[in-house]
>>> print(open('data08.txt').read())   # compact mmCIF, C-alpha atoms and all ligand atoms
# COMPACT_ATOMS: atom_id res chain seq x y z
CA MET A 1 29.97 -14.97 5.38
CA SER A 2 31.13 -14.18 1.85
CA GLN A 3 34.58 -15.74 2.24
CA ARG A 4 33.13 -19.07 3.35
CA LYS A 5 34.18 -21.85 1.08
CA LYS A 6 31.34 -23.15 -1.04
CA LEU A 7 31.66 -26.92 -1.35
CA TYR A 8 28.62 -27.68 -3.46
CA GLU A 9 25.56 -25.97 -4.85
CA GLY A 10 22.52 -28.13 -5.47
CA LYS A 11 19.03 -27.34 -6.71
CA ALA A 12 17.61 -26.28 -3.35
CA LYS A 13 20.64 -26.05 -1.06
CA ILE A 14 24.22 -24.82 -0.85
CA LEU A 15 26.84 -26.56 1.27
CA TYR A 16 29.62 -24.45 2.79
CA GLN A 17 32.66 -25.59 4.71
CA GLY A 18 31.82 -25.56 8.44
CA PRO A 19 33.81 -23.93 11.25
CA GLU A 20 35.38 -27.18 12.45
CA PRO A 21 36.84 -30.02 10.40
CA GLY A 22 34.17 -32.56 9.52
CA THR A 23 31.35 -29.99 9.70
CA ILE A 24 29.30 -28.42 6.93
CA ILE A 25 26.86 -25.51 6.81
CA GLN A 26 23.70 -26.50 4.97
CA HIS A 27 22.03 -23.40 3.46
CA PHE A 28 18.42 -23.61 2.23
CA LYS A 29 17.74 -21.61 -0.94
CA ASP A 30 14.38 -20.33 -2.18
CA ASP A 31 14.75 -22.14 -5.50
CA ALA A 32 12.13 -24.69 -6.48
CA THR A 33 12.92 -27.13 -9.26
CA ALA A 34 11.13 -30.13 -10.71
CA PHE A 35 11.56 -32.67 -13.49
CA ASN A 36 15.32 -32.61 -13.09
CA ALA A 37 15.44 -28.80 -12.97
CA GLN A 38 13.63 -28.34 -16.31
CA LYS A 39 11.12 -26.33 -14.29
CA HIS A 40 12.61 -23.68 -12.02
CA GLU A 41 11.27 -20.81 -9.96
CA VAL A 42 12.39 -18.79 -6.96
CA ILE A 43 9.75 -18.81 -4.22
CA GLU A 44 10.73 -16.26 -1.60
CA GLY A 45 10.57 -17.70 1.89
CA LYS A 46 10.60 -21.39 0.92
CA GLY A 47 14.16 -21.92 2.18
CA VAL A 48 13.36 -20.47 5.60
CA LEU A 49 10.34 -22.74 6.00
CA ASN A 50 12.16 -25.87 4.81
CA ASN A 51 15.10 -25.15 7.11
CA ARG A 52 12.76 -24.78 10.09
CA ILE A 53 10.62 -27.83 9.27
CA SER A 54 13.62 -30.05 8.53
CA GLU A 55 15.43 -28.89 11.67
CA HIS A 56 12.35 -29.73 13.74
CA ILE A 57 12.00 -33.22 12.28
CA PHE A 58 15.72 -34.02 12.56
CA ILE A 59 15.73 -32.97 16.24
CA GLN A 60 12.72 -35.20 16.94
CA LEU A 61 14.35 -38.13 15.13
CA ASP A 62 17.56 -37.57 17.06
CA ASN A 63 15.55 -37.73 20.30
CA LEU A 64 14.23 -41.11 19.17
CA GLY A 65 17.77 -42.39 18.75
CA ILE A 66 17.83 -42.22 14.95
CA PRO A 67 21.35 -41.16 13.95
CA THR A 68 21.34 -38.01 11.79
CA HIS A 69 23.90 -35.57 10.41
CA PHE A 70 22.22 -32.63 12.20
CA ILE A 71 24.37 -30.79 14.76
CA LYS A 72 22.56 -27.51 15.43
CA ALA A 73 20.45 -24.73 13.99
CA LEU A 74 22.47 -21.68 12.96
CA ASN A 75 20.00 -19.14 11.59
CA MET A 76 16.79 -18.82 9.55
CA ARG A 77 18.30 -20.52 6.52
CA GLU A 78 21.22 -22.54 7.79
CA GLN A 79 22.07 -25.50 9.95
CA LEU A 80 25.35 -27.04 11.00
CA VAL A 81 25.64 -30.68 9.99
CA GLN A 82 28.26 -33.41 10.06
CA GLU A 83 30.18 -33.99 6.86
CA VAL A 84 29.17 -37.39 5.54
CA ASP A 85 30.24 -39.67 2.76
CA VAL A 86 27.01 -39.56 0.76
CA ILE A 87 25.52 -42.90 -0.26
CA PRO A 88 24.34 -42.24 -3.84
CA ILE A 89 20.86 -43.63 -3.28
CA GLU A 90 17.50 -41.94 -2.81
CA VAL A 91 15.32 -43.99 -0.49
CA VAL A 92 11.60 -43.46 -1.12
CA VAL A 93 9.05 -44.64 1.44
CA ARG A 94 5.42 -44.84 0.33
CA ASN A 95 2.21 -45.32 2.32
CA PHE A 96 -0.28 -44.27 -0.38
CA ALA A 97 0.00 -44.37 -4.17
CA ALA A 98 1.07 -41.11 -5.81
CA GLY A 99 3.57 -39.66 -8.24
CA SER A 100 5.80 -42.03 -10.17
CA LEU A 101 4.23 -45.13 -8.56
CA VAL A 102 0.85 -44.17 -10.02
CA LYS A 103 2.42 -43.59 -13.45
CA ARG A 104 4.46 -46.79 -13.39
CA LEU A 105 1.80 -49.21 -12.16
CA GLY A 106 -1.41 -47.48 -13.20
CA LEU A 107 -2.74 -47.30 -9.64
CA GLU A 108 -5.32 -44.79 -8.58
CA GLU A 109 -3.78 -41.81 -6.78
CA GLY A 110 -4.44 -42.06 -3.05
CA THR A 111 -4.79 -45.87 -2.92
CA HIS A 112 -3.69 -47.09 0.51
CA LEU A 113 -0.84 -49.52 -0.12
CA PRO A 114 -1.21 -53.02 1.41
CA ARG A 115 2.03 -52.35 3.26
CA THR A 116 4.67 -49.66 3.40
CA LEU A 117 6.81 -49.73 0.29
CA VAL A 118 10.53 -48.87 0.27
CA GLU A 119 12.09 -48.08 -3.11
CA TYR A 120 15.61 -47.14 -4.15
CA TYR A 121 16.73 -44.72 -6.86
CA TYR A 122 20.27 -44.13 -8.07
CA LYS A 123 21.20 -40.48 -7.42
CA ASP A 124 22.30 -39.31 -10.84
CA ASP A 125 20.70 -36.26 -12.43
CA GLU A 126 22.05 -37.06 -15.89
CA LEU A 127 20.33 -40.44 -15.79
CA GLY A 128 17.18 -38.95 -14.21
CA ASP A 129 17.60 -40.86 -10.91
CA PRO A 130 16.63 -44.32 -12.23
CA MET A 131 14.86 -46.78 -9.95
CA ILE A 132 17.15 -49.61 -8.82
CA SER A 133 16.90 -52.81 -6.80
CA GLU A 134 18.92 -53.96 -3.79
CA ASP A 135 20.82 -56.17 -6.21
CA HIS A 136 21.97 -53.14 -8.24
CA ILE A 137 23.08 -51.47 -5.01
CA THR A 138 25.23 -54.39 -3.88
CA THR A 139 26.45 -55.33 -7.38
CA PHE A 140 27.82 -51.85 -8.01
CA GLY A 141 29.06 -51.49 -4.44
CA TRP A 142 26.99 -48.41 -3.56
CA ALA A 143 26.17 -50.05 -0.22
CA THR A 144 26.64 -53.46 1.40
CA PRO A 145 23.73 -55.82 2.17
CA GLN A 146 24.15 -54.98 5.88
CA GLU A 147 24.02 -51.25 5.11
CA ILE A 148 20.84 -51.67 3.04
CA GLU A 149 19.24 -53.60 5.86
CA GLU A 150 20.15 -50.83 8.29
CA ILE A 151 18.97 -48.11 5.89
CA SER A 152 15.60 -49.75 5.20
CA GLY A 153 15.11 -50.36 8.95
CA LEU A 154 15.83 -46.69 9.69
CA ALA A 155 13.56 -45.59 6.82
CA LEU A 156 10.65 -47.59 8.29
CA ARG A 157 11.24 -46.22 11.81
CA ILE A 158 11.35 -42.69 10.40
CA ASN A 159 8.11 -43.41 8.53
CA ASP A 160 6.40 -44.64 11.73
CA PHE A 161 7.39 -41.52 13.60
CA MET A 162 6.51 -39.12 10.80
CA CYS A 163 3.12 -40.75 10.10
CA GLY A 164 2.22 -40.17 13.75
CA MET A 165 3.61 -36.66 13.88
CA PHE A 166 1.70 -35.56 10.78
CA SER A 167 -1.51 -37.42 11.54
CA ALA A 168 -1.65 -35.63 14.93
CA VAL A 169 -1.97 -32.35 12.98
CA GLY A 170 -4.42 -33.60 10.36
CA ILE A 171 -1.88 -34.35 7.64
CA ARG A 172 -1.50 -37.61 5.73
CA LEU A 173 2.08 -38.65 4.97
CA VAL A 174 1.70 -40.10 1.48
CA ASP A 175 5.38 -40.65 0.66
CA PHE A 176 8.82 -39.12 1.12
CA LYS A 177 12.46 -39.36 0.09
CA LEU A 178 15.46 -39.85 2.35
CA GLU A 179 19.21 -39.76 1.84
CA PHE A 180 21.83 -41.39 4.01
CA GLY A 181 25.58 -41.05 4.48
CA ARG A 182 28.49 -42.67 6.28
CA VAL A 183 30.37 -41.07 9.16
CA TRP A 184 33.60 -42.45 10.58
CA GLU A 185 34.12 -42.17 14.32
CA GLU A 186 37.55 -43.50 15.25
CA GLU A 187 37.56 -46.96 13.68
CA ALA A 188 33.80 -47.37 13.53
CA MET A 189 31.56 -46.38 10.64
CA ARG A 190 27.97 -45.30 11.20
CA ILE A 191 25.09 -44.76 8.81
CA VAL A 192 23.33 -41.46 9.44
CA LEU A 193 20.29 -39.75 7.95
CA ALA A 194 21.45 -36.78 5.84
CA ASP A 195 19.99 -34.12 3.51
CA GLU A 196 16.61 -32.71 4.62
CA ILE A 197 13.01 -33.69 5.35
CA SER A 198 10.63 -30.97 4.23
CA PRO A 199 7.57 -30.47 2.01
CA ASP A 200 10.09 -30.42 -0.89
CA ASN A 201 10.63 -34.15 -0.48
CA CYS A 202 7.46 -35.41 1.19
CA ARG A 203 3.91 -35.68 -0.13
CA LEU A 204 1.60 -34.26 2.52
CA TRP A 205 -2.18 -34.17 2.07
CA ASP A 206 -4.69 -32.51 4.35
CA VAL A 207 -6.65 -35.39 5.89
CA LYS A 208 -10.02 -33.59 5.68
CA THR A 209 -9.85 -31.79 2.35
CA GLY A 210 -7.20 -33.81 0.51
CA ASP A 211 -5.40 -30.53 -0.31
CA LYS A 212 -1.77 -31.00 -1.32
CA LEU A 213 0.58 -29.26 1.10
CA ASP A 214 3.88 -30.10 -0.63
CA LYS A 215 6.01 -29.54 -3.72
CA ASP A 216 3.38 -31.11 -5.98
CA ARG A 217 1.77 -27.64 -5.83
CA PHE A 218 4.76 -26.44 -7.86
CA ARG A 219 5.22 -29.59 -9.99
CA GLN A 220 1.55 -29.59 -10.98
CA ASP A 221 1.19 -25.79 -11.30
CA LEU A 222 -1.40 -25.66 -8.52
CA GLY A 223 -0.01 -22.40 -7.06
CA GLY A 224 0.03 -21.51 -3.38
CA LEU A 225 3.22 -23.38 -2.50
CA LEU A 226 4.33 -20.92 0.15
CA ASN A 227 0.91 -20.93 1.85
CA ALA A 228 0.96 -24.72 1.88
CA TYR A 229 4.44 -24.88 3.45
CA GLN A 230 3.37 -22.23 5.99
CA GLU A 231 0.32 -24.33 6.82
CA VAL A 232 2.56 -27.34 7.51
CA ALA A 233 4.91 -25.25 9.67
CA ALA A 234 1.98 -23.67 11.56
CA ARG A 235 0.35 -27.02 12.29
CA LEU A 236 3.66 -28.34 13.60
CA GLY A 237 3.77 -25.27 15.89
CA LEU A 238 6.83 -23.77 14.18
CA ILE A 239 5.37 -20.46 13.03
CA THR A 240 2.57 -18.34 14.40
CA ARG A 241 -0.83 -18.31 12.72
CA GLU A 242 -0.85 -14.48 12.58
CA SER A 243 2.16 -14.52 10.34
CA GLN A 244 0.46 -16.82 7.85
CA GLY A 245 -0.72 -15.09 4.72
CA GLY A 246 0.71 -11.79 5.92
CA THR A 247 2.90 -9.68 3.69
CA SER A 248 5.83 -9.66 6.07
CA GLY A 249 6.55 -13.38 5.68
CA PRO A 250 6.47 -16.10 8.29
CA VAL A 251 7.41 -15.37 11.88
CA LEU A 252 9.46 -18.22 13.25
CA ILE A 253 8.92 -19.57 16.74
CA LYS A 254 12.27 -20.64 18.12
CA ASN A 255 12.74 -23.70 20.29
N1 LIG B 1 11.41 -37.07 -4.18
C1 LIG B 1 12.01 -37.97 -4.98
N2 LIG B 1 13.01 -37.32 -5.65
C2 LIG B 1 13.05 -36.07 -5.26
C3 LIG B 1 12.03 -35.90 -4.34
N3 LIG B 1 11.75 -34.79 -3.71
C4 LIG B 1 10.28 -37.34 -3.29
C5 LIG B 1 8.99 -36.72 -3.79
C6 LIG B 1 7.94 -37.67 -3.26
C7 LIG B 1 8.67 -39.03 -3.22
O1 LIG B 1 10.05 -38.73 -3.24
O2 LIG B 1 8.85 -35.43 -3.24
O3 LIG B 1 7.57 -37.32 -1.94
C8 LIG B 1 8.31 -39.94 -4.38
O4 LIG B 1 8.49 -39.24 -5.58
P1 LIG B 1 8.01 -39.88 -6.99
O5 LIG B 1 8.18 -38.77 -7.97
O6 LIG B 1 8.94 -41.04 -7.25
O7 LIG B 1 6.59 -40.31 -6.83
N1 LIG B 2 13.96 -31.59 -7.19
C1 LIG B 2 14.10 -32.53 -8.26
C2 LIG B 2 14.26 -31.84 -9.60
O1 LIG B 2 14.60 -30.69 -9.71
C3 LIG B 2 13.03 -33.58 -8.33
C4 LIG B 2 11.65 -33.21 -7.86
O2 LIG B 2 11.50 -32.91 -6.69
O3 LIG B 2 10.67 -33.28 -8.65
O4 LIG B 2 14.06 -32.45 -10.60
>>> encode(input="data08.txt", output="structure tokens")
Amino acid sequence: MSQRKKLYEGKAKILYQGPEPGTIIQHFKDDATAFNAQKHEVIEGKGVLNNRISEHIFIQLDNLGIPTHFIKALNMREQLVQEVDVIPIEVVVRNFAAGSLVKRLGLEEGTHLPRTLVEYYYKDDELGDPMISEDHITTFGWATPQEIEEISGLALRINDFMCGMFSAVGIRLVDFKLEFGRVWEEEAMRIVLADEISPDNCRLWDVKTGDKLDKDRFRQDLGGLLNAYQEVAARLGLITRESQGGTSGPVLIKN
């Protein structure tokens, strides 16, 4: 393990060179950061939960025919993924008003949006991931008009699936962030979903109580982040109830 080549260390994940060319090991850390890493904490067990939740969602999306970078689960904290050429855009899909949308437009938090909103942000920590338009994306060549059309179509399909999946377990999908990459197969290039989908990059509210079950617990100093992530994993059937709140940490249920 220790002589694996580290390719990149981000705020919540480490990428190592995979066993075959074109593969990468995605390792989920316990670090939680917010506000461009100005706020940082290590929350033991977060990486295991995010790895399991993200793995579950990527497998479901794959079954629906949505192309993703996911190859297979490796262990509690790691998954094997395809190496992709990362498109430097964060795609945010919103169903209800929250977070930066509330700040920017003065909406009331929780307002149901008239229709699903897709926003783009330029992935650049130094610039604080500024919001951009499709025109910025094509002008600076980050993606072609055809690629944006494909990406927004995939983002909406992913939203449809995830809204249903979460609503079936009493959770409202308020918003989430996606990242995409390009993969070359022979002469053809494909757009695939990359990164992760977990409570670190979704807003998830309990339908009945309105409780926040996502990283806003950390951003807003609400406490109880690990319990919230465990609740999400338990409702999705990924960990056993008995393990929730115990001192020994979550017990994973394997596929
Ligand atoms: N997000 C955006 N950048 C990083 C992350 N994790 C996610 C948030 C939220 C959505 O994108 O977790 O689910 C919208 O974030 P915001 O701050 O623009 O309201
Ligand atoms: N994870 C990012 C950061 O460290 C953004 C966020 O999720 O708030 O700033």
>>> axis_aligned_box(input="data08.txt", around="segment 142-157 of chain A", padding_each_side="4 Å", output="AutoDock Vina command-line options")
--center_x 18.8 --center_y -50.7 --center_z 4.1 --size_x 24.3 --size_y 18.2 --size_z 23.4
>>> closest_residue(input="data08.txt", among="A:His27, A:Lys11, A:His56, A:Lys212", to="ligand LIG 2 (chain B)", atoms="only C-alpha atoms and all ligand atoms")
A:Lys11
>>> closest_residue(input="data08.txt", among="A:Asp175, A:Asp30, A:Asp211, A:Asp221", to="His112 of chain A", atoms="only C-alpha atoms")
A:Asp175
>>> residues_near_point(input="data08.txt", point="(23.1, -43.3, 1.8)", cutoff="6 Å", atoms="all atoms listed in the file", output="mmCIF file with C-alpha atoms, keeping the file's coordinate frame")
data_model
loop_
_atom_site.group_PDB
_atom_site.id
_atom_site.type_symbol
_atom_site.label_atom_id
_atom_site.label_comp_id
_atom_site.auth_asym_id
_atom_site.auth_seq_id
_atom_site.Cartn_x
_atom_site.Cartn_y
_atom_site.Cartn_z
ATOM 1 C CA VAL A 86 27.010 -39.560 0.760
ATOM 2 C CA ILE A 87 25.520 -42.900 -0.260
ATOM 3 C CA PRO A 88 24.340 -42.240 -3.840
ATOM 4 C CA ILE A 89 20.860 -43.630 -3.280
ATOM 5 C CA GLU A 179 19.210 -39.760 1.840
ATOM 6 C CA PHE A 180 21.830 -41.390 4.010
ATOM 7 C CA GLY A 181 25.580 -41.050 4.480
#
>>> residues_near_ligand(input="data08.txt", ligand="ligand LIG 2 (chain B)", cutoff="6 Å", atoms="all atoms listed in the file", output="PDB file with C-alpha atoms, in the coordinates of the input")
ATOM      1  CA  THR A  33      12.920 -27.130  -9.260  1.00  0.00           C
ATOM      2  CA  ALA A  34      11.130 -30.130 -10.710  1.00  0.00           C
ATOM      3  CA  PHE A  35      11.560 -32.670 -13.490  1.00  0.00           C
ATOM      4  CA  ASN A  36      15.320 -32.610 -13.090  1.00  0.00           C
ATOM      5  CA  ALA A  37      15.440 -28.800 -12.970  1.00  0.00           C
TER       6      ALA A  37
END
>>> atom_distance(input="data08.txt", atom1="atom CA of Ser54 of chain A", atom2="atom O5 of ligand LIG 1 (chain B)")
19.4 Å
>>> residues_near_point(input="data08.txt", point="(35.6, -32.3, 9.7)", cutoff="12 Å", atoms="all atoms listed in the file", output="PyMOL selection string")
chain A and resi 17-25+80-85+183-185
>>> closest_residue(input="data08.txt", among="A:Glu109, A:Glu126, A:Glu9, A:Asp214", to="Ser198 of chain A", atoms="all atoms listed in the file")
A:Asp214
>>> residues_near_ligand(input="data08.txt", ligand="ligand LIG 1 (chain B)", cutoff="10 Å", atoms="only C-alpha atoms and all ligand atoms", output="PyMOL selection string")
chain A and resi 33-36+90-94+97-104+119-121+123+128-131+173-178+196-204+214-216+219
>>> write_last_selection(input="data08.txt", atoms="C-alpha atoms", output="PDB file, in the coordinates of the input")
ATOM      1  CA  THR A  33      12.920 -27.130  -9.260  1.00  0.00           C
ATOM      2  CA  ALA A  34      11.130 -30.130 -10.710  1.00  0.00           C
ATOM      3  CA  PHE A  35      11.560 -32.670 -13.490  1.00  0.00           C
ATOM      4  CA  ASN A  36      15.320 -32.610 -13.090  1.00  0.00           C
ATOM      5  CA  GLU A  90      17.500 -41.940  -2.810  1.00  0.00           C
ATOM      6  CA  VAL A  91      15.320 -43.990  -0.490  1.00  0.00           C
ATOM      7  CA  VAL A  92      11.600 -43.460  -1.120  1.00  0.00           C
ATOM      8  CA  VAL A  93       9.050 -44.640   1.440  1.00  0.00           C
ATOM      9  CA  ARG A  94       5.420 -44.840   0.330  1.00  0.00           C
ATOM     10  CA  ALA A  97       0.000 -44.370  -4.170  1.00  0.00           C
ATOM     11  CA  ALA A  98       1.070 -41.110  -5.810  1.00  0.00           C
ATOM     12  CA  GLY A  99       3.570 -39.660  -8.240  1.00  0.00           C
ATOM     13  CA  SER A 100       5.800 -42.030 -10.170  1.00  0.00           C
ATOM     14  CA  LEU A 101       4.230 -45.130  -8.560  1.00  0.00           C
ATOM     15  CA  VAL A 102       0.850 -44.170 -10.020  1.00  0.00           C
ATOM     16  CA  LYS A 103       2.420 -43.590 -13.450  1.00  0.00           C
ATOM     17  CA  ARG A 104       4.460 -46.790 -13.390  1.00  0.00           C
ATOM     18  CA  GLU A 119      12.090 -48.080  -3.110  1.00  0.00           C
ATOM     19  CA  TYR A 120      15.610 -47.140  -4.150  1.00  0.00           C
ATOM     20  CA  TYR A 121      16.730 -44.720  -6.860  1.00  0.00           C
ATOM     21  CA  LYS A 123      21.200 -40.480  -7.420  1.00  0.00           C
ATOM     22  CA  GLY A 128      17.180 -38.950 -14.210  1.00  0.00           C
ATOM     23  CA  ASP A 129      17.600 -40.860 -10.910  1.00  0.00           C
ATOM     24  CA  PRO A 130      16.630 -44.320 -12.230  1.00  0.00           C
ATOM     25  CA  MET A 131      14.860 -46.780  -9.950  1.00  0.00           C
ATOM     26  CA  LEU A 173       2.080 -38.650   4.970  1.00  0.00           C
ATOM     27  CA  VAL A 174       1.700 -40.100   1.480  1.00  0.00           C
ATOM     28  CA  ASP A 175       5.380 -40.650   0.660  1.00  0.00           C
ATOM     29  CA  PHE A 176       8.820 -39.120   1.120  1.00  0.00           C
ATOM     30  CA  LYS A 177      12.460 -39.360   0.090  1.00  0.00           C
ATOM     31  CA  LEU A 178      15.460 -39.850   2.350  1.00  0.00           C
ATOM     32  CA  GLU A 196      16.610 -32.710   4.620  1.00  0.00           C
ATOM     33  CA  ILE A 197      13.010 -33.690   5.350  1.00  0.00           C
ATOM     34  CA  SER A 198      10.630 -30.970   4.230  1.00  0.00           C
ATOM     35  CA  PRO A 199       7.570 -30.470   2.010  1.00  0.00           C
ATOM     36  CA  ASP A 200      10.090 -30.420  -0.890  1.00  0.00           C
ATOM     37  CA  ASN A 201      10.630 -34.150  -0.480  1.00  0.00           C
ATOM     38  CA  CYS A 202       7.460 -35.410   1.190  1.00  0.00           C
ATOM     39  CA  ARG A 203       3.910 -35.680  -0.130  1.00  0.00           C
ATOM     40  CA  LEU A 204       1.600 -34.260   2.520  1.00  0.00           C
ATOM     41  CA  ASP A 214       3.880 -30.100  -0.630  1.00  0.00           C
ATOM     42  CA  LYS A 215       6.010 -29.540  -3.720  1.00  0.00           C
ATOM     43  CA  ASP A 216       3.380 -31.110  -5.980  1.00  0.00           C
ATOM     44  CA  ARG A 219       5.220 -29.590  -9.990  1.00  0.00           C
TER      45      ARG A 219
END
>>> residues_around(input="data08.txt", residues="Lys29 of chain A", least_positions_apart="5", cutoff="6 Å", atoms="all atoms listed in the file", output="list in words")
Ala12, Lys13 and Gly47 of chain A
>>> atom_distance(input="data08.txt", atom1="atom CA of Lys39 of chain A", atom2="atom CA of Gly224 of chain A")
16.3 Å
>>> atom_distance(input="data08.txt", atom1="atom CA of Val118 of chain A", atom2="atom CA of Phe218 of chain A")
24.5 Å
>>> closest_residue(input="data08.txt", among="A:Gln146, A:Val232, A:Leu107, A:Gly223", to="Ser167 of chain A", atoms="only C-alpha atoms")
A:Val232
>>> closest_residue(input="data08.txt", among="A:Leu15, A:Arg172, A:Leu193, A:Phe140", to="Arg157 of chain A", atoms="only C-alpha atoms")
A:Leu193
>>> build_atoms(input="data08.txt", residues="segment 215-226 of chain A", atoms="N, CA and C atoms", output="short mmCIF file (atom, residue, chain, number, x, y, z; two decimals), in the frame of the given file")
data_model
loop_
_atom_site.label_atom_id
_atom_site.label_comp_id
_atom_site.auth_asym_id
_atom_site.auth_seq_id
_atom_site.Cartn_x
_atom_site.Cartn_y
_atom_site.Cartn_z
N LYS A 215 5.45 -30.04 -2.47
CA LYS A 215 6.01 -29.54 -3.72
C LYS A 215 5.20 -29.91 -4.95
N ASP A 216 4.26 -30.84 -4.85
CA ASP A 216 3.38 -31.11 -5.98
C ASP A 216 2.62 -29.84 -6.39
N ARG A 217 2.44 -28.90 -5.47
CA ARG A 217 1.77 -27.64 -5.83
C ARG A 217 2.56 -26.92 -6.92
N PHE A 218 3.89 -27.04 -6.84
CA PHE A 218 4.76 -26.44 -7.86
C PHE A 218 4.84 -27.36 -9.09
N ARG A 219 5.08 -28.66 -8.86
CA ARG A 219 5.22 -29.59 -9.99
C ARG A 219 3.98 -29.57 -10.88
N GLN A 220 2.81 -29.49 -10.24
CA GLN A 220 1.55 -29.59 -10.98
C GLN A 220 0.91 -28.23 -11.26
N ASP A 221 1.69 -27.15 -11.05
CA ASP A 221 1.19 -25.79 -11.30
C ASP A 221 -0.09 -25.46 -10.55
N LEU A 222 -0.18 -25.91 -9.30
CA LEU A 222 -1.40 -25.66 -8.52
C LEU A 222 -1.36 -24.29 -7.84
N GLY A 223 -0.16 -23.69 -7.75
CA GLY A 223 -0.01 -22.40 -7.06
C GLY A 223 -0.08 -22.58 -5.55
N GLY A 224 0.20 -21.50 -4.84
CA GLY A 224 0.03 -21.51 -3.38
C GLY A 224 1.03 -22.37 -2.63
N LEU A 225 2.23 -22.53 -3.18
CA LEU A 225 3.22 -23.38 -2.50
C LEU A 225 3.61 -22.81 -1.14
N LEU A 226 3.87 -21.50 -1.11
CA LEU A 226 4.33 -20.92 0.15
C LEU A 226 3.27 -21.03 1.25
#
